[in-house]
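Participant: Dumping the structure here so I can ask a few things about it.
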Amino acid sequence: ALETWNAIDGTQIAIWREQHGHGDVAISPNQRFVAVATAAAAINIFYLSDGSLYRTLRSPGSGAENLYGDVDFSPNGELLAVGRLNNAIDIWSTDTWEIKVTLETTYFAHDVKFSPNGQYLSLGNEIWRVSDWSSISLDTAVDARSIDFSRNSEYLAIAANWGGTLILNPANYDLVYGDGSLSDRVAFSPKQNLLASSNDEHVSLFLLVDGVWLSRKYQIPELGPTGLNYQSSLAV
């Protein structure tokens with residue numbers, strides 16, 4: 001089930017139970033809609049205020065090729081990016097609710113994000129300029145599991161199964177800093193000079209000091225009878 005809550009008074013707004021389960025969710029910047037990727041090859045758009053269904057989006061075609069990995073609204077709320085299993089990203093207009101462009105990708109879109117300034121869209125291995133949808137790819141492919149932009153959009157962090165934690169310049173995709181440790185999640189702090197990266201065994205902190213990224217790693221204590229830690233999210 002998927003639930004939405006009022007963070008101020010702690011009351012529940014709505015609850016959805018997708019018959020086939022759901023994947024990623026995204027709330028529009030104006031807080032009018034919530035987009036939900038479903039396991040039934042559809043994107044459901046709900047009203048955030050009461051949880052009622054506004055519309056359902058489906059990409060052309062049918063079947064497993066249209067299963068979705070991730071969704072994200074642009075900062076101005078005019079676009080909705082939807083990552084598909086068949087190495088493609090559909091860019092929907094939230095005005096007409098039609099696909100404006102489909103971007104071909106090298107890898108499955110685990111994590112798709114617009115930069116806070118709205119100039120870029122990235123899934124890790126590749127980045128697109130929203131103005132003309134021109135793209136830049138990494139010289140060496142990585143299996144990007146999670147990405148995050150700094151609040152000023154000057155840096156893009158990538159957590160990769162191989163390649164470790166990478167910090168890039170979104171404007172040219174040059175590597176600013178690289179750490180070889182395996183990573184599943186990355187998250188910038190609101191002050192944007194601190195980045196956290198983690199996997200099931202450790203958390204690494206990267207601090208920007210006088211233009212240089214410094215790092216420190218912390219071991220995660222073993223939890224539970226199996227001694228395994230299962231990580232689903234990371235926030236700073």
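Chain labels run A, B, ... following the order of the structure tokens; each chain numbers its residues from 1, and ligands are numbered from 1 in the order shown.
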Residues of range 7-109 of chain A that have any atom at most 12 Å from an atom of range 144-165 of chain A: could you tabulate them with the shortest-distance atom pair and the distance in Å to one decimal, using only C-alpha atoms, ordered by chain and increasing number, as CSV?

Facilitator:
residue,atom,partner,partner_atom,distance
A:Gly69,CA,A:Arg145,CA,11.1
A:Asp70,CA,A:Ser146,CA,10.7
A:Pro75,CA,A:Arg151,CA,11.7
A:Thr106,CA,A:Ala144,CA,11.2
A:Tyr107,CA,A:Ala144,CA,8.7
A:Phe108,CA,A:Ala144,CA,9.2
A:Ala109,CA,A:Ala144,CA,8.5

Participant: Got a sec: who's within 7 Å of range 22-27 of chain A, counting only C-alpha atoms, leaving out chain neighbours fewer than 4 positions off, as a ChimeraX atom specification?

Facilitator: /A:18,31,33-39,69-73

Participant: Kindly give the distance, in Å, that separates CA of Val130 in chain A and CA of Ser115 in chain A, rounded to a single decimal.

Facilitator: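 About the pair CA of Val130 in chain A and CA of Ser115 in chain A: they are 9.8 Å apart.
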
Participant: If we count only C-alpha atoms and set the cut-off at 12 Å, which residues sit around range 208-221 of chain A, ignoring sequence neighbours fewer than 6 positions away in its own chain? Please answer as a PyMOL selection string.

Facilitator: chain A and resi 150+155+165-168+176-183+188-189+191-202+227-231

Participant: How would the residues just chosen look if you wrote them out with N, CA, C and O atoms as a compact mmCIF listing (two decimals), in the first residue's frame?

Facilitator:
# COMPACT_ATOMS: atom_id res chain seq x y z
N SER A 150 23.28 18.33 -6.08
CA SER A 150 23.39 19.30 -5.00
C SER A 150 22.32 20.38 -5.22
O SER A 150 21.82 20.57 -6.34
N TYR A 155 26.79 20.06 -8.63
CA TYR A 155 27.36 18.72 -8.56
C TYR A 155 26.26 17.67 -8.73
O TYR A 155 25.11 17.87 -8.36
N THR A 165 31.35 5.63 -5.59
CA THR A 165 30.67 6.91 -5.50
C THR A 165 31.40 7.92 -6.39
O THR A 165 32.60 8.12 -6.25
N LEU A 166 30.66 8.54 -7.29
CA LEU A 166 31.24 9.52 -8.21
C LEU A 166 30.58 10.87 -8.00
O LEU A 166 29.37 10.96 -7.78
N ILE A 167 31.36 11.94 -8.06
CA ILE A 167 30.85 13.30 -8.02
C ILE A 167 31.25 13.97 -9.32
O ILE A 167 32.43 14.04 -9.67
N LEU A 168 30.25 14.45 -10.06
CA LEU A 168 30.47 14.98 -11.40
C LEU A 168 30.02 16.43 -11.51
O LEU A 168 29.19 16.91 -10.72
N VAL A 176 34.71 15.03 -10.85
CA VAL A 176 35.28 15.92 -9.83
C VAL A 176 35.95 15.11 -8.73
O VAL A 176 37.00 15.47 -8.23
N TYR A 177 35.30 13.99 -8.34
CA TYR A 177 35.83 13.14 -7.28
C TYR A 177 35.30 11.73 -7.47
O TYR A 177 34.15 11.54 -7.90
N GLY A 178 36.14 10.73 -7.16
CA GLY A 178 35.71 9.35 -7.26
C GLY A 178 36.19 8.53 -6.07
O GLY A 178 37.33 8.70 -5.62
N ASP A 179 35.30 7.70 -5.55
CA ASP A 179 35.63 6.80 -4.45
C ASP A 179 35.25 5.40 -4.88
O ASP A 179 34.11 5.15 -5.27
N GLY A 180 36.19 4.45 -4.81
CA GLY A 180 35.96 3.12 -5.37
C GLY A 180 35.09 2.20 -4.56
O GLY A 180 34.78 1.09 -5.01
N SER A 181 34.65 2.61 -3.37
CA SER A 181 33.83 1.73 -2.53
C SER A 181 32.45 1.53 -3.15
O SER A 181 31.85 2.47 -3.66
N LEU A 182 31.95 0.29 -3.08
CA LEU A 182 30.62 0.00 -3.61
C LEU A 182 29.58 0.84 -2.89
O LEU A 182 29.65 1.03 -1.68
N SER A 183 28.59 1.32 -3.63
CA SER A 183 27.60 2.23 -3.06
C SER A 183 26.23 1.94 -3.64
O SER A 183 26.10 1.63 -4.82
N PHE A 188 22.77 14.43 -1.00
CA PHE A 188 23.41 15.67 -0.59
C PHE A 188 22.65 16.29 0.58
O PHE A 188 21.43 16.14 0.69
N SER A 189 23.37 16.99 1.44
CA SER A 189 22.74 17.75 2.50
C SER A 189 22.18 19.05 1.91
O SER A 189 22.60 19.48 0.83
N LYS A 191 22.84 21.98 2.68
CA LYS A 191 23.92 22.96 2.55
C LYS A 191 24.86 22.63 1.40
O LYS A 191 25.79 23.39 1.13
N GLN A 192 24.65 21.49 0.76
CA GLN A 192 25.29 21.02 -0.46
C GLN A 192 26.80 20.82 -0.39
O GLN A 192 27.44 20.44 -1.37
N ASN A 193 27.42 21.06 0.76
CA ASN A 193 28.85 20.78 0.88
C ASN A 193 29.10 19.45 1.56
O ASN A 193 30.24 19.07 1.82
N LEU A 194 28.01 18.70 1.85
CA LEU A 194 28.14 17.39 2.48
C LEU A 194 27.35 16.36 1.68
O LEU A 194 26.18 16.57 1.35
N LEU A 195 28.00 15.25 1.36
CA LEU A 195 27.36 14.15 0.63
C LEU A 195 27.49 12.88 1.44
O LEU A 195 28.56 12.58 1.97
N ALA A 196 26.39 12.14 1.55
CA ALA A 196 26.42 10.83 2.21
C ALA A 196 26.25 9.75 1.16
O ALA A 196 25.46 9.88 0.23
N SER A 197 26.99 8.66 1.33
CA SER A 197 26.92 7.51 0.44
C SER A 197 26.90 6.26 1.30
O SER A 197 27.61 6.19 2.31
N SER A 198 26.10 5.26 0.91
CA SER A 198 26.02 4.08 1.77
C SER A 198 25.74 2.81 0.98
O SER A 198 25.24 2.85 -0.15
N ASN A 199 26.06 1.68 1.61
CA ASN A 199 25.60 0.37 1.17
C ASN A 199 25.22 -0.41 2.42
O ASN A 199 25.03 0.17 3.49
N ASP A 200 25.07 -1.72 2.33
CA ASP A 200 24.63 -2.51 3.48
C ASP A 200 25.68 -2.63 4.57
O ASP A 200 25.38 -3.11 5.67
N GLU A 201 26.91 -2.22 4.29
CA GLU A 201 27.98 -2.41 5.26
C GLU A 201 28.53 -1.11 5.84
O GLU A 201 29.04 -1.11 6.97
N HIS A 202 28.48 -0.01 5.10
CA HIS A 202 29.08 1.21 5.62
C HIS A 202 28.39 2.46 5.08
O HIS A 202 27.65 2.41 4.11
N GLY A 227 22.59 -11.17 10.63
CA GLY A 227 23.78 -10.32 10.53
C GLY A 227 23.81 -9.50 9.28
O GLY A 227 24.85 -8.98 8.88
N LEU A 228 22.67 -9.34 8.57
CA LEU A 228 22.62 -8.59 7.32
C LEU A 228 21.84 -7.32 7.51
O LEU A 228 20.86 -7.26 8.26
N ASN A 229 22.23 -6.27 6.81
CA ASN A 229 21.50 -5.01 6.81
C ASN A 229 20.92 -4.80 5.42
O ASN A 229 21.63 -4.92 4.43
N TYR A 230 19.65 -4.46 5.35
CA TYR A 230 19.01 -4.21 4.06
C TYR A 230 18.62 -2.74 4.01
O TYR A 230 17.80 -2.28 4.81
N GLN A 231 19.21 -2.01 3.07
CA GLN A 231 19.05 -0.58 3.01
C GLN A 231 18.09 -0.21 1.89
O GLN A 231 18.21 -0.70 0.78

Participant: Apply DSSP to the structure's backbone, then extract all residues of range 70-144 of chain A labelled strand (DSSP E) and return them as a ChimeraX atom specification.

Facilitator: /A:70-73,79-84,88-93,99-104,113-114,120-122,126-129,135-137,144

Participant: Tell me, as number ranges by chain, which residues lie within 12 Å of Ser93 in chain A, counting only C-alpha atoms; anything in the same chain fewer than 3 positions away does not count.

Facilitator: A: 57, 73-74, 76-82, 90, 96-102

Participant: Okay, now the selection with C-alpha atoms, as a compact mmCIF listing (two decimals), in the first residue's frame?

Facilitator:
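The resulting file, again-v4.txt, is shown below:
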# COMPACT_ATOMS: atom_id res chain seq x y z
CA LEU A 57 -0.62 7.27 -18.39
CA PHE A 73 8.65 16.02 -11.95
CA SER A 74 10.68 18.94 -13.28
CA ASN A 76 8.60 23.98 -12.61
CA GLY A 77 6.12 21.11 -12.73
CA GLU A 78 5.74 21.28 -16.51
CA LEU A 79 7.37 17.89 -17.23
CA LEU A 80 7.16 14.38 -15.83
CA ALA A 81 10.09 12.04 -16.56
CA VAL A 82 9.26 8.33 -16.56
CA ASP A 90 9.40 9.20 -21.61
CA THR A 96 -1.42 18.12 -22.37
CA TRP A 97 -0.45 14.82 -20.66
CA GLU A 98 1.14 13.69 -23.91
CA ILE A 99 4.71 12.47 -24.49
CA LYS A 100 6.93 15.33 -25.68
CA VAL A 101 10.02 13.21 -26.34
CA THR A 102 11.35 9.72 -25.64

Participant: Which one is closest to Ala14 in chain A: A:Ser122, A:Ser135, A:Ala42, A:Leu48? Count only C-alpha atoms.

Facilitator: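 Ranked by minimum distance to Ala14 in chain A, first place goes to A:Leu48.
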
Participant: May I have the residues within 6 Å of Ala88 in chain A as a VMD selection string, using only C-alpha atoms and disregarding those fewer than 5 positions away in the same chain?

Facilitator: chain A and resid 103 to 105

Participant: So, counting only C-alpha atoms, which residue among A:Leu53, A:Ile13, A:Ala171, A:Ala187 is closest to Gln119 in chain A?

Facilitator: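 Smallest distance to Gln119 in chain A is found for A:Ala171.
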